[in-house]
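Peer 1: Below you will find the structure I want to go over with you.
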There are 2 protein chains.
Amino acid sequence: MAIQKKIRLGIIGIGNMGSEHCRMVLGGKCRETELCAVADLRPERREWARRSLPESVSVFADGRELIASGTCEAVLVAVPHFQHEPLTVAALDAGLHVLCEKPAAVQAERAEKMIQAAEKAGKTLRFMFNQRNNCTYRTIKGLLAGGEIGALKRMNWIITDWYRTQRYYDSGSWRATWAGEGGGVLLNQCPHQLDLLIWLCGMPCAVTARCLEGKWHHIEVEDDVTAFLEFPNGATGVFVASTGDLPGTNRLELDCERGKIVCEDGQVKVWRLRVNEREVCFKSDDPWYREEPEPFLLETDGENPQHAGVINAFAAHLLRNEPLTAEAEDGLRALELSNAIHLSGWTGKRVEIPVSREAFDRELARRTANSRIRTGADVTYETDHSAGGSRKEETP
Amino acid sequence: MAIQKKIRLGIIGIGNMGSEHCRMVLGGKCRETELCAVADLRPERREWARRSLPESVSVFADGRELIASGTCEAVLVAVPHFQHEPLTVAALDAGLHVLCEKPAAVQAERAEKMIQAAEKAGKTLRFMFNQRNNCTYRTIKGLLAGGEIGALKRMNWIITDWYRTQRYYDSGSWRATWAGEGGGVLLNQCPHQLDLLIWLCGMPCAVTARCLEGKWHHIEVEDDVTAFLEFPNGATGVFVASTGDLPGTNRLELDCERGKIVCEDGQVKVWRLRVNEREVCFKSDDPWYREEPEPFLLETDGENPQHAGVINAFAAHLLRNEPLTAEAEDGLRALELSNAIHLSGWTGKRVEIPVSREAFDRELARRTANSRIRTGADVTYETDHSAGGSRKEETP
């Protein structure tokens with residue numbers, strides 16, 4: 001048997017997410033990936049790494065040191081959002097491949113720079129859209145792509161099961177500040193749903209949104225969002241997200257010309273019409289035409305390899321050029337939509353996509369300039385990020 | 001046994017709804033009401049009345065003749081929306097009590113005039129909010145009023161099971177025109193839900209809405225509405241309505257400080273928290289606090305007397321001063337919210353409640369001036385209006 005080749009991976013940023021990724025790679029779920037190095041600016045996190053990780057894993061203070069060290073051929077970037085772009089570009093410029101945590105960046109313009117750097121370097125750049133591995137969304141994607149449900153007419157996603165207490169926001173001085181994080185529920189919790197929304201429904205062309213800042217918590221960024229979306233084909237949508245609802249809801253409804261899909265509580269119900277509604281509307285003699293087919297439950301393969309799936313696909317791509325579910329541009333798209341919702345919320349106006357880079361930067365800069373930096377030590381939690389916002393255990 | 005006194009009722013307008021009311025009163029469901037007269041401007045509807053109703057029922061061409069005839073002590077007004085106010089005021093001025101179909105009028109200002117006329121005459125004015133009789137909404141109202149679920153934080157109503165084909169809109173020359181009806185799904189299909197929304201959640205103080213006109217049909221008024229609502233206590237809401245979705249959805253979610261209520265498919269699920277979320281948010285040491293109680297199904301009495309219930313309550317009020325579920329002012333409130341959604345949709349701006357009467361009239365007048373009057377004979381259908389938008393049978 002040939003010796004299996006492995007990707008030599010470095011993880012930059014070993015806070016909540018990065019340390020979870022360390023455990024995952026070391027735990028045997030990523031058999032084509034070898035953890036060779038980690039980096040973190042915080043001495044206590046490096047101390048954790050030296051104490052908890054194998055001796056073979058090099059520990060660096062600065063991500064740039066890790067990049068320059070020659071210990072890795074790829075890096076996973078898991079630092080605060082504003083640092084995604086500079087570290088990703090540095091790694092690509094140094095000839096490394098990059099898997100970057102979501103969101104791609106805070107400003108769409110930065111994501112564009114990351115993509116340009118990858119093209120220039122001829123290296124692979126991808127973002128951690130692990131929810132695309134979720135059997136539920138994969139199966140819906142397959143149903144829509146098959147065409148039997150017809151074109152989208154309306155979508156409605158209530159994704160409010162991201163409950164967080166004030167303690168969560170107080171756990172990091174950067175959290176939920178304009179200067180430290182650049183946004184709230186849109187940037188921290190929702191990038192997955194925004195990516196899935198675009199993946200399933202296509203890219204909206206305009207947004208009218210209300211972003212409520214500090215609605216449920218003592219924070220300066222938005223923790224409650226309602227957005228009205230317009231799609232190029234005339235379909236419309238509503239997207240509602242919050243970290244203040246208990247118990248929250250995760251319900252996605254897709255109304256199409258030949259049926260309806262509702263995904264809630266991990267189940268996907270499908271109503272399939274015998275007819276195309278757009279034809280019935282103008283051909284039927286019945287003013288109150290009704291067709292209410294019994295919904296059926298969409299079967300899935302039950303697989304949800306999550307982050308490990310993304311890392312394994314990333315490694316398979318580097319090793320054998322296997323295809324990836326998401327492109328680098330998908331990171332930009334999700335951020336573009338996020339930026340549009342923010343900008344509409346800030347200005348109170350309808351915003352067309354692509355978003356004006358200047359307008360977004362100007363509005364964000366105003367908020368960053370007045371941002372309150374909070375005091376208090378950062379806390380790293382041992383978390384299970386595999387499902388929604390829930391967690392298994394927490395280290396004091 | 002004393003001879004039971006009955007209210008002598010006239011029905012003005014015997015089209016789709018009015019003829020249904022005739023059958024209902026004559027069918028024995030309204031034992032304290034006697035149908036004494038009907039009126040309709042259309043000869044073919046008067047012909048229908050002479051052919052189908054008992055000889056004891058007087059038939060008039062004009063509602064004002066009916067009012068002046070002395071045959072009735074109360075009238076049920078079931079004519080096109082713009083005629084609600086003049087006929088209601090004429091009846092009240094003549095000393096009759098009035099039960100008026102929804103919506104109260106097209107402009108909130110007209111509803112105010114109706115209420116003033118009732119006060120001046122010292123007579124009873126009520127509107128046909130038969131959905132308040134629905135056991136589902138009655139039981140939710142009881143739960144909310146009991147206080148155990150706490151204050152509202154968010155509401156979300158997707159009410160898109162009002163499917164109509166083009167044939168529906170073509171069945172009356174007044175239908176779905178600004179000049180003839182004054183609005184679309186908001187005025188024709190949604191007054192019940194707007195009333196229930198206010199009854200359950202309280203009156204919003206501001207609205208930001210998108211009203212899509214002729215989105216799914218060849219009509220000039222709105223057939224697709226998405227509204228973002230703000231309530232005085234800081235709660236927010238989303239209201240989505242359409243006559244273009246097949247199969248549609250009727251799902252009401254109420255998120256409160258101590259639990260969640262979801263009403264869909266005729267079932268009411270309740271999640272009751274052990275704690276008040278607003279306290280947990282600031283007191284819990286757990287950043288990812290979770291409480292996901294098993295939902296229970298809310299039991300109802302199963303009763304839904306609908307229109308007959310409203311008419312019986314109206315009669316009982318006139319005969320024995322028994323209390324009514326809705327006040328005359330409730331008709332104004334539902335219309336006020338409807339006007340606010342329209343005005344926000346027309347102007348693209350956030351609209352505060354109460355709505356500027358001048359601004360609404362100006363915008364409506366612009367649309368009425370350019371309204372297309374359609375040709376084609378009006379058709380009256382034999383319908384079952386008791387549940388959502390479905391129907392039992394239809395006369396060719």
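In the structure tokens, chains take letters A, B, ... by order of appearance, with residues numbered from 1 within each chain and ligands from 1 in the order shown.
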For chain B, which residues have at least one atom within 8 Å of chain A, if we go by only C-alpha atoms? Write them as a PyMOL selection string, please.
Peer 2: chain B and resi 163-169+217+226+228+245-247+255+257+259-260+271+277+280-282+284-292+389-391
Peer 1: Write the residues of the selection above to a file with C-alpha atoms, as a tab-separated table (two decimals), in the first residue's frame.
Peer 2:
chain	number	residue	atom	x	y	z
B	163	TYR	CA	-54.86	31.86	-3.97
B	164	ARG	CA	-56.90	33.45	-6.78
B	165	THR	CA	-56.70	32.89	-10.52
B	166	GLN	CA	-57.03	35.63	-13.13
B	167	ARG	CA	-60.64	34.47	-13.60
B	168	TYR	CA	-61.41	35.63	-10.07
B	169	TYR	CA	-60.23	39.14	-10.83
B	217	HIS	CA	-52.13	38.72	-12.04
B	226	THR	CA	-44.49	42.17	2.74
B	228	PHE	CA	-42.23	45.11	8.59
B	245	ASP	CA	-48.99	31.24	-3.92
B	246	LEU	CA	-50.13	27.66	-4.52
B	247	PRO	CA	-50.31	25.84	-2.19
B	255	ASP	CA	-42.28	35.04	20.12
B	257	GLU	CA	-40.55	36.73	26.70
B	259	GLY	CA	-42.38	31.29	25.29
B	260	LYS	CA	-43.34	30.86	21.69
B	271	TRP	CA	-43.28	26.32	23.89
B	277	GLU	CA	-35.69	35.30	28.46
B	280	VAL	CA	-31.81	35.03	31.52
B	281	CYS	CA	-30.07	37.14	28.91
B	282	PHE	CA	-28.44	39.34	31.51
B	284	SER	CA	-26.98	33.66	32.92
B	285	ASP	CA	-23.29	32.67	33.04
B	286	ASP	CA	-23.87	30.49	29.99
B	287	PRO	CA	-23.00	32.25	26.71
B	288	TRP	CA	-25.06	29.70	24.74
B	289	TYR	CA	-27.94	29.28	27.20
B	290	ARG	CA	-30.53	26.93	25.79
B	291	GLU	CA	-33.98	25.96	26.85
B	292	GLU	CA	-35.96	24.00	24.34
B	389	GLY	CA	-60.07	31.36	0.72
B	390	SER	CA	-61.40	27.94	-0.13
B	391	ARG	CA	-64.81	27.34	-1.59
Peer 1: List the spatial neighbours of Asp40 of chain A as a ChimeraX atom specification - criterion: any atom at most 7 Å away, only C-alpha atoms, same-chain residues fewer than 2 positions off excluded.
Peer 2: /A:12-14,38,42,45-46,60-63
Peer 1: Go ahead and save the picked residues with N, CA, C and O atoms, as a PDB file, in the first residue's frame.
Peer 2:
ATOM      1  N   ILE A  12      -4.136  29.294  11.875  1.00  0.00           N
ATOM      2  CA  ILE A  12      -3.825  30.625  12.410  1.00  0.00           C
ATOM      3  C   ILE A  12      -5.038  31.118  13.181  1.00  0.00           C
ATOM      4  O   ILE A  12      -6.104  31.348  12.601  1.00  0.00           O
ATOM      5  N   GLY A  13      -4.859  31.256  14.478  1.00  0.00           N
ATOM      6  CA  GLY A  13      -5.973  31.630  15.345  1.00  0.00           C
ATOM      7  C   GLY A  13      -6.538  30.386  16.005  1.00  0.00           C
ATOM      8  O   GLY A  13      -7.183  29.564  15.357  1.00  0.00           O
ATOM      9  N   ILE A  14      -6.243  30.217  17.285  1.00  0.00           N
ATOM     10  CA  ILE A  14      -6.729  29.008  17.975  1.00  0.00           C
ATOM     11  C   ILE A  14      -7.599  29.419  19.156  1.00  0.00           C
ATOM     12  O   ILE A  14      -7.402  29.010  20.293  1.00  0.00           O
ATOM     13  N   VAL A  38       0.472  25.875  14.586  1.00  0.00           N
ATOM     14  CA  VAL A  38      -0.604  26.780  14.969  1.00  0.00           C
ATOM     15  C   VAL A  38       0.013  28.131  15.320  1.00  0.00           C
ATOM     16  O   VAL A  38       1.215  28.222  15.614  1.00  0.00           O
ATOM     17  N   ARG A  42      -2.139  35.514  21.351  1.00  0.00           N
ATOM     18  CA  ARG A  42      -2.336  35.523  22.797  1.00  0.00           C
ATOM     19  C   ARG A  42      -1.476  34.461  23.484  1.00  0.00           C
ATOM     20  O   ARG A  42      -1.594  33.270  23.161  1.00  0.00           O
ATOM     21  N   ARG A  45      -3.170  31.325  24.734  1.00  0.00           N
ATOM     22  CA  ARG A  45      -3.580  30.333  23.730  1.00  0.00           C
ATOM     23  C   ARG A  45      -2.377  29.519  23.255  1.00  0.00           C
ATOM     24  O   ARG A  45      -2.504  28.319  22.962  1.00  0.00           O
ATOM     25  N   ARG A  46      -1.210  30.157  23.155  1.00  0.00           N
ATOM     26  CA  ARG A  46      -0.002  29.396  22.800  1.00  0.00           C
ATOM     27  C   ARG A  46       0.338  28.415  23.923  1.00  0.00           C
ATOM     28  O   ARG A  46       0.751  27.295  23.677  1.00  0.00           O
ATOM     29  N   PHE A  60       3.474  29.247  16.914  1.00  0.00           N
ATOM     30  CA  PHE A  60       3.982  30.584  16.584  1.00  0.00           C
ATOM     31  C   PHE A  60       3.107  31.642  17.237  1.00  0.00           C
ATOM     32  O   PHE A  60       1.921  31.421  17.482  1.00  0.00           O
ATOM     33  N   ALA A  61       3.744  32.799  17.462  1.00  0.00           N
ATOM     34  CA  ALA A  61       2.967  33.903  18.021  1.00  0.00           C
ATOM     35  C   ALA A  61       2.190  34.605  16.913  1.00  0.00           C
ATOM     36  O   ALA A  61       1.025  34.956  17.079  1.00  0.00           O
ATOM     37  N   ASP A  62       2.808  34.763  15.765  1.00  0.00           N
ATOM     38  CA  ASP A  62       2.216  35.559  14.692  1.00  0.00           C
ATOM     39  C   ASP A  62       1.921  34.664  13.491  1.00  0.00           C
ATOM     40  O   ASP A  62       2.766  33.846  13.102  1.00  0.00           O
ATOM     41  N   GLY A  63       0.792  34.844  12.893  1.00  0.00           N
ATOM     42  CA  GLY A  63       0.435  34.079  11.707  1.00  0.00           C
ATOM     43  C   GLY A  63       1.471  34.224  10.604  1.00  0.00           C
ATOM     44  O   GLY A  63       1.731  33.284   9.847  1.00  0.00           O
TER      45      GLY A  63
END
Peer 1: If you run DSSP on this backbone, which residues of segment 133-261 of chain A come out as strand (DSSP E), and could you give them as a PyMOL selection string?
Peer 2: chain A and resi 152-159+206-213+222-230+236-242+250-256+259-261
Peer 1: Mind listing the alpha helix (DSSP H) residues of segment 72-127 of chain B, per DSSP on the backbone, as a list in words?
Peer 2: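 Those residues are His84, Glu85, Pro86, Leu87, Thr88, Val89, Ala90, Ala91, Leu92, Asp93, Ala108, Glu109, Arg110, Ala111, Glu112, Lys113, Met114, Ile115, Gln116, Ala117, Ala118, Glu119, Lys120 and Ala121 of chain B.
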Peer 1: Could you state the separation of atom CA of Val89 of chain B and atom CA of Ile11 of chain B in Å, given to one decimal place?
Peer 2: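 Between atom CA of Val89 of chain B and atom CA of Ile11 of chain B the gap is 15.0 Å.
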